[in-house]
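Asks: data.txt (compact mmCIF, C-alpha atoms) pasted underneath:
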# COMPACT_ATOMS: atom_id res chain seq x y z
CA ILE A 1 -20.21 23.30 -3.18
CA THR A 2 -22.06 20.23 -4.45
CA ALA A 3 -20.59 19.73 -7.95
CA VAL A 4 -17.56 20.96 -9.93
CA LEU A 5 -16.75 20.99 -13.66
CA GLN A 6 -13.99 22.53 -15.77
CA ASP A 7 -15.23 22.75 -19.36
CA SER A 8 -13.28 22.59 -22.63
CA HIS A 9 -12.79 26.38 -22.58
CA GLY A 10 -11.26 26.34 -19.12
CA ARG A 11 -14.32 27.79 -17.41
CA LEU A 12 -15.01 26.54 -13.91
CA TRP A 13 -18.60 25.58 -13.10
CA LEU A 14 -19.69 25.23 -9.47
CA GLY A 15 -22.94 23.80 -8.20
CA SER A 16 -24.36 25.08 -4.93
CA THR A 17 -27.78 25.20 -3.31
CA ARG A 18 -30.30 25.83 -6.11
CA ASN A 19 -27.91 27.43 -8.59
CA VAL A 20 -24.82 26.95 -10.74
CA VAL A 21 -22.18 29.67 -11.09
CA TRP A 22 -19.26 29.78 -13.50
CA SER A 23 -16.25 31.87 -14.39
CA ASP A 24 -16.86 34.01 -17.47
CA ASP A 25 -16.28 37.47 -18.94
CA HIS A 26 -19.02 38.65 -16.62
CA PRO A 27 -18.26 38.04 -12.93
CA GLY A 28 -21.00 36.26 -11.07
CA ALA A 29 -22.49 34.48 -14.09
CA SER A 30 -25.08 32.03 -12.77
CA THR A 31 -28.37 30.29 -13.42
CA ALA A 32 -31.03 28.92 -11.10
CA VAL A 33 -31.45 25.14 -11.09
CA PRO A 34 -34.44 23.04 -9.97
CA GLY A 35 -33.29 21.57 -6.67
CA THR A 36 -29.66 21.21 -5.57
CA PRO A 37 -27.05 20.43 -8.28
CA LEU A 38 -25.41 17.04 -7.76
CA SER A 39 -23.49 16.50 -11.03
CA LEU A 40 -22.26 18.48 -14.04
CA CYS A 41 -20.89 17.49 -17.46
CA GLU A 42 -20.19 19.06 -20.85
CA ASP A 43 -21.31 17.52 -24.14
CA GLY A 44 -19.68 17.69 -27.57
CA ARG A 45 -21.62 20.82 -28.49
CA GLY A 46 -20.27 22.72 -25.52
CA ASP A 47 -23.56 22.68 -23.64
CA VAL A 48 -23.49 21.81 -19.93
CA TRP A 49 -25.84 19.28 -18.35
CA PHE A 50 -26.97 19.67 -14.76
CA GLY A 51 -28.08 16.74 -12.64
CA SER A 52 -29.90 17.76 -9.48
CA THR A 53 -32.42 16.79 -6.84
CA GLY A 54 -34.94 18.28 -9.27
CA GLY A 55 -33.95 16.06 -12.20
CA LEU A 56 -31.99 16.76 -15.40
CA SER A 57 -31.44 20.10 -17.17
CA ARG A 58 -29.43 21.22 -20.20
CA TYR A 59 -27.82 24.64 -20.26
CA HIS A 60 -27.42 25.97 -23.81
CA VAL A 61 -24.27 28.02 -23.31
CA ALA A 62 -24.43 30.01 -26.58
CA ARG A 63 -28.02 31.13 -25.91
CA GLY A 64 -27.88 31.30 -22.12
CA VAL A 65 -31.00 29.14 -21.83
CA LEU A 66 -31.70 26.40 -19.28
CA GLU A 67 -33.91 23.58 -20.60
CA PRO A 68 -35.50 20.99 -18.29
CA VAL A 69 -35.15 17.48 -19.75
CA THR A 70 -37.51 14.61 -18.98
CA VAL A 71 -35.69 11.32 -18.44
CA GLY A 72 -38.65 9.16 -17.47
CA GLY A 73 -38.68 5.83 -15.70
CA GLY A 74 -38.92 7.30 -12.21
CA ALA A 75 -35.54 8.96 -12.57
CA GLY A 76 -35.81 11.26 -9.55
CA TRP A 77 -32.52 12.70 -8.32
CA VAL A 78 -29.68 12.71 -10.84
CA TRP A 79 -26.45 11.80 -9.04
CA ALA A 80 -24.10 11.12 -11.95
CA LEU A 81 -23.63 12.29 -15.55
CA HIS A 82 -21.18 11.13 -18.21
CA VAL A 83 -20.70 11.73 -21.95
CA ASP A 84 -19.03 8.75 -23.63
CA ARG A 85 -16.67 8.64 -26.59
CA GLN A 86 -19.61 8.41 -28.99
CA GLY A 87 -21.09 11.59 -27.55
CA ARG A 88 -23.96 9.83 -25.76
CA LEU A 89 -25.13 11.13 -22.41
CA TRP A 90 -25.46 8.65 -19.53
CA VAL A 91 -27.63 9.63 -16.56
CA GLY A 92 -27.30 7.91 -13.19
CA THR A 93 -30.27 8.31 -10.87
CA GLY A 94 -31.13 7.70 -7.25
CA GLY A 95 -33.43 4.72 -7.57
CA GLY A 96 -34.46 4.90 -11.22
CA GLY A 97 -31.46 3.09 -12.65
CA LEU A 98 -29.18 4.22 -15.48
CA HIS A 99 -30.36 6.01 -18.62
CA ARG A 100 -28.62 6.47 -21.99
CA ARG A 101 -29.75 9.29 -24.27
CA ARG A 102 -30.54 8.37 -27.86
CA GLU A 103 -29.96 10.63 -30.87
CA ASP A 104 -33.66 11.51 -30.98
CA GLY A 105 -33.54 12.76 -27.37
CA SER A 106 -35.33 9.78 -25.84
CA PHE A 107 -33.69 7.61 -23.20
CA GLU A 108 -32.88 3.91 -22.97
CA ARG A 109 -33.11 2.60 -19.42
CA PHE A 110 -30.95 -0.01 -17.65
CA VAL A 111 -32.22 -1.39 -14.35
CA HIS A 112 -31.45 -4.04 -11.78
CA ASP A 113 -33.18 -7.38 -12.24
CA ALA A 114 -32.80 -9.77 -9.33
CA SER A 115 -33.42 -12.73 -11.64
CA ASN A 116 -30.77 -11.66 -14.16
CA LEU A 117 -27.12 -11.71 -13.05
CA SER A 118 -26.16 -9.83 -16.23
CA SER A 119 -28.24 -6.78 -15.31
CA LEU A 120 -27.20 -3.61 -13.51
CA SER A 121 -26.24 -4.40 -9.90
CA ASP A 122 -28.36 -1.64 -8.27
CA ASP A 123 -30.79 1.08 -9.40
CA TYR A 124 -29.16 3.75 -7.22
CA VAL A 125 -26.26 5.00 -9.38
CA THR A 126 -23.60 7.18 -7.78
CA SER A 127 -20.83 7.45 -10.39
CA ILE A 128 -20.12 6.69 -14.07
CA LEU A 129 -16.81 6.30 -15.94
CA GLU A 130 -15.89 5.12 -19.43
CA ASP A 131 -12.24 4.02 -19.55
CA ARG A 132 -9.90 4.22 -22.54
CA GLN A 133 -10.69 0.61 -23.44
CA GLY A 134 -14.35 1.53 -23.85
CA THR A 135 -15.63 -0.24 -20.74
CA LEU A 136 -18.36 1.65 -18.91
CA TRP A 137 -18.00 1.39 -15.12
CA VAL A 138 -21.00 2.26 -12.97
CA GLY A 139 -20.76 2.72 -9.21
CA THR A 140 -23.85 2.13 -7.10
CA ARG A 141 -24.95 2.85 -3.54
CA SER A 142 -25.42 -0.73 -2.37
CA GLY A 143 -24.71 -3.03 -5.32
CA GLY A 144 -20.99 -2.43 -5.75
CA LEU A 145 -19.57 -1.83 -9.22
CA SER A 146 -21.01 -2.82 -12.61
CA ALA A 147 -19.07 -3.04 -15.89
CA PHE A 148 -20.93 -2.86 -19.20
CA ASP A 149 -19.99 -4.80 -22.32
CA GLU A 150 -21.76 -2.96 -25.11
CA ALA A 151 -21.07 -5.71 -27.66
CA THR A 152 -23.19 -8.17 -25.68
CA GLY A 153 -25.38 -5.75 -23.72
CA ARG A 154 -24.43 -7.59 -20.53
CA TRP A 155 -23.30 -6.25 -17.17
CA THR A 156 -20.62 -7.82 -14.98
CA ARG A 157 -21.18 -7.25 -11.27
CA HIS A 158 -18.28 -6.68 -8.88
CA ARG A 159 -19.23 -6.97 -5.21
CA PRO A 160 -17.46 -7.70 -1.91
CA ASP A 161 -16.82 -11.37 -1.26
CA PRO A 162 -15.47 -12.30 2.19
CA LEU A 163 -13.90 -15.43 0.69
CA HIS A 164 -11.87 -13.49 -1.87
CA GLU A 165 -9.47 -10.77 -0.72
CA ARG A 166 -9.09 -9.51 -4.30
CA SER A 167 -12.81 -8.70 -4.54
CA LEU A 168 -14.18 -5.15 -4.28
CA SER A 169 -13.77 -3.93 -0.71
CA HIS A 170 -17.25 -2.44 -0.15
CA HIS A 171 -20.77 -2.54 -1.61
CA SER A 172 -21.08 1.27 -1.70
CA VAL A 173 -19.12 2.95 -4.52
CA THR A 174 -18.76 6.71 -4.17
CA ALA A 175 -16.21 7.80 -6.80
CA LEU A 176 -14.50 6.59 -9.99
CA LEU A 177 -11.37 7.84 -11.75
CA GLU A 178 -9.19 6.71 -14.64
CA ALA A 179 -5.60 7.91 -14.15
CA ARG A 180 -3.32 8.95 -16.97
CA ASP A 181 -1.56 5.59 -16.86
CA GLY A 182 -4.88 3.88 -17.60
CA SER A 183 -5.47 2.53 -14.11
CA VAL A 184 -9.05 2.72 -12.82
CA TRP A 185 -9.63 3.68 -9.17
CA VAL A 186 -12.75 3.06 -7.13
CA GLY A 187 -13.61 4.98 -3.95
CA THR A 188 -15.96 3.38 -1.46
CA GLY A 189 -18.16 4.57 1.37
CA GLY A 190 -16.52 2.69 4.19
CA ALA A 191 -13.69 0.45 2.99
CA GLY A 192 -11.20 2.80 1.39
CA LEU A 193 -9.86 2.78 -2.13
CA ASN A 194 -9.60 0.05 -4.78
CA ARG A 195 -7.46 -0.19 -7.89
CA VAL A 196 -8.98 -2.24 -10.69
CA ASP A 197 -6.63 -4.95 -11.94
CA ARG A 198 -8.10 -5.73 -15.33
CA GLY A 199 -8.76 -9.21 -16.59
CA GLU A 200 -10.24 -10.23 -19.91
CA GLY A 201 -13.22 -8.18 -21.01
CA THR A 202 -15.11 -6.85 -17.99
CA ALA A 203 -13.48 -9.30 -15.56
CA ALA A 204 -11.38 -7.73 -12.81
CA ALA A 205 -9.71 -8.18 -9.47
CA PHE A 206 -9.06 -5.36 -7.00
CA THR A 207 -6.12 -4.14 -4.96
CA ARG A 208 -7.29 -2.49 -1.75
CA PHE A 209 -5.94 0.57 0.08
CA SER A 210 -7.24 1.66 3.48
CA GLU A 211 -6.32 3.59 6.62
CA LYS A 212 -3.74 0.88 7.26
CA ASP A 213 -2.00 2.00 4.06
CA GLY A 214 -2.09 5.70 4.92
CA LEU A 215 -5.57 6.94 3.97
CA ILE A 216 -6.92 9.54 6.39
CA ASP A 217 -10.33 7.85 6.41
CA ASP A 218 -11.91 4.85 4.69
CA ASN A 219 -14.98 6.89 3.70
CA VAL A 220 -13.90 8.14 0.27
CA THR A 221 -15.96 10.95 -1.28
CA SER A 222 -13.93 12.10 -4.31
CA LEU A 223 -10.91 11.31 -6.48
CA ALA A 224 -8.67 13.53 -8.61
CA GLU A 225 -5.30 13.39 -10.35
CA ASP A 226 -3.06 16.44 -10.65
CA ALA A 227 -0.67 17.48 -13.44
CA ASP A 228 2.17 15.58 -11.80
CA GLY A 229 0.20 12.34 -11.77
CA THR A 230 -0.43 12.40 -8.04
CA LEU A 231 -3.72 10.82 -6.97
CA TRP A 232 -5.72 12.88 -4.47
CA VAL A 233 -8.36 11.21 -2.32
CA GLY A 234 -11.11 13.19 -0.60
CA THR A 235 -12.65 11.63 2.51
CA ARG A 236 -15.60 12.34 4.73
Would you encode the structure as structure tokens?
Replies:
Amino acid sequence: ITAVLQDSHGRLWLGSTRNVVWSDDHPGASTAVPGTPLSLCEDGRGDVWFGSTGGLSRYHVARGVLEPVTVGGGAGWVWALHVDRQGRLWVGTGGGGLHRRREDGSFERFVHDASNLSSLSDDYVTSILEDRQGTLWVGTRSGGLSAFDEATGRWTRHRPDPLHERSLSHHSVTALLEARDGSVWVGTGGAGLNRVDRGEGTAAAFTRFSEKDGLIDDNVTSLAEDADGTLWVGTR
């Protein structure tokens, strides 16, 4: 299983090699997908978007039709998908940066610029989360965590700093979760788990949790919260 989604109707969608299956009135409902599914999300219309090694697709649930969608900008593999509170789709790609879908179906692209400290920290996007305060958090493979201030159009980069123990613990971010209490959690690929301690705007410090604190492994792959408010951490 490469991706999991529970939609607004309670249906469970599962991505596997070259197809997506879901629970429905008809057992075994499925559709073929270009490449291997890597991410799934539902939009406000009830359609489901598939990100895969073959790019981006939109599944029109009412019609049972899969539509390939061109993102542009060398998007390549689509690792992360997110629909924000305004209903806009964000697409995180493996090397092509971050893309935001406009109302007309075109995409606005955000990329890393080494000469601009207010740009996205890395073009390889692994995870996307909008918290209840409206901050968009973007995890990357080697650039740490970026936080977007839409009012200014500027990104704040959060990266490991050996001189500051409250900095992000690792440059590779693998998972993001906002818990019911509003806390934001960041899983990393080698240095455990981080809790975001919010400052003003997109400023933040981080509290770190590792094998020393009881994690099975410091390579975090997934995060989830259950109905009792317990945080579950998947590791490699």
Asks: For the atom pair atom CA of Tyr124 of chain A and atom CA of Ala151 of chain A, what is the interatomic distance in Å to one decimal place?
Replies: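 The value is 23.9 Å.
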Asks: With only C-alpha atoms as the basis for distance, which of A:Arg85, A:Lys212, A:His9, A:Arg166 is at the shortest distance from Gln133 of chain A?
Replies: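 Checking each of A:Arg85, A:Lys212, A:His9, A:Arg166 against Gln133 of chain A, counting only C-alpha atoms, the winner is A:Arg85.
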Asks: Can you tell me, as an NGL selection string, which residues sit within 12 Å of (-16.3, 21.7, -13.7) in the file's frame, using all atoms listed in the file?
Replies: :A and (1-15 or 20-23 or 38-42 or 48-50)
Asks: Between atom CA of Leu193 of chain A and atom CA of Val220 of chain A, what distance in Å does the model show, to one decimal?
Replies: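 Answer for the atom CA of Leu193 of chain A to atom CA of Val220 of chain A separation: 7.1 Å.
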Asks: Please provide the set of residues having any atom within 12 Å of His99 of chain A, restricted to all atoms listed in the file, with same-chain residues fewer than 3 positions apart removed, written as a ChimeraX atom specification.
Replies: /A:56,70-76,78-83,88-96,102,105-111,120,123-125,128,138
Asks: One decimal, in Å: what's the spacing between atom CA of Glu211 of chain A and atom CA of Thr140 of chain A?
Replies: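 Result for atom CA of Glu211 of chain A versus atom CA of Thr140 of chain A: 22.3 Å, one decimal.
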Asks: Dump as a count of residues only all residues having an atom at most 10 Å from (-31.6, 23.4, -15.6), computed in the file's coordinates with only C-alpha atoms.
Replies: 26
Asks: Fewer than 5 positions away in the same chain doesn't count, so skip those; otherwise give me all residues within 10 Å of Gly182 of chain A, counting all atoms listed in the file, as a PyMOL selection string.
Replies: chain A and resi 131-133+177
Asks: Considering only C-alpha atoms, give me a table of residues in segment 98-188 of chain A that are at most 7 Å from segment 223-235 of chain A, with the closest atom pair and distance in Å for each, as a tab-separated table.
Replies:
residue	atom	partner	partner_atom	distance
A:Ala175	CA	A:Leu223	CA	6.4
A:Leu176	CA	A:Leu223	CA	6.9
A:Leu177	CA	A:Leu223	CA	6.3
A:Ala179	CA	A:Glu225	CA	6.7
Asks: A:Asp217, A:Asp181, A:Asp122, A:Asp84: which is nearest Gly97 of chain A, counting all atoms listed in the file?
Replies: A:Asp122
Asks: From the list A:Gly187, A:Gly44, A:Gly87, A:Gly64, which residue is nearest Glu130 of chain A when using all atoms listed in the file?
Replies: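 For Glu130 of chain A, the nearest of the candidates is A:Gly87.
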Asks: Considering only C-alpha atoms, can you say which of A:Ile216, A:Ala29, A:Ala147, A:Val186 comes closest to Gly134 of chain A?
Replies: A:Ala147
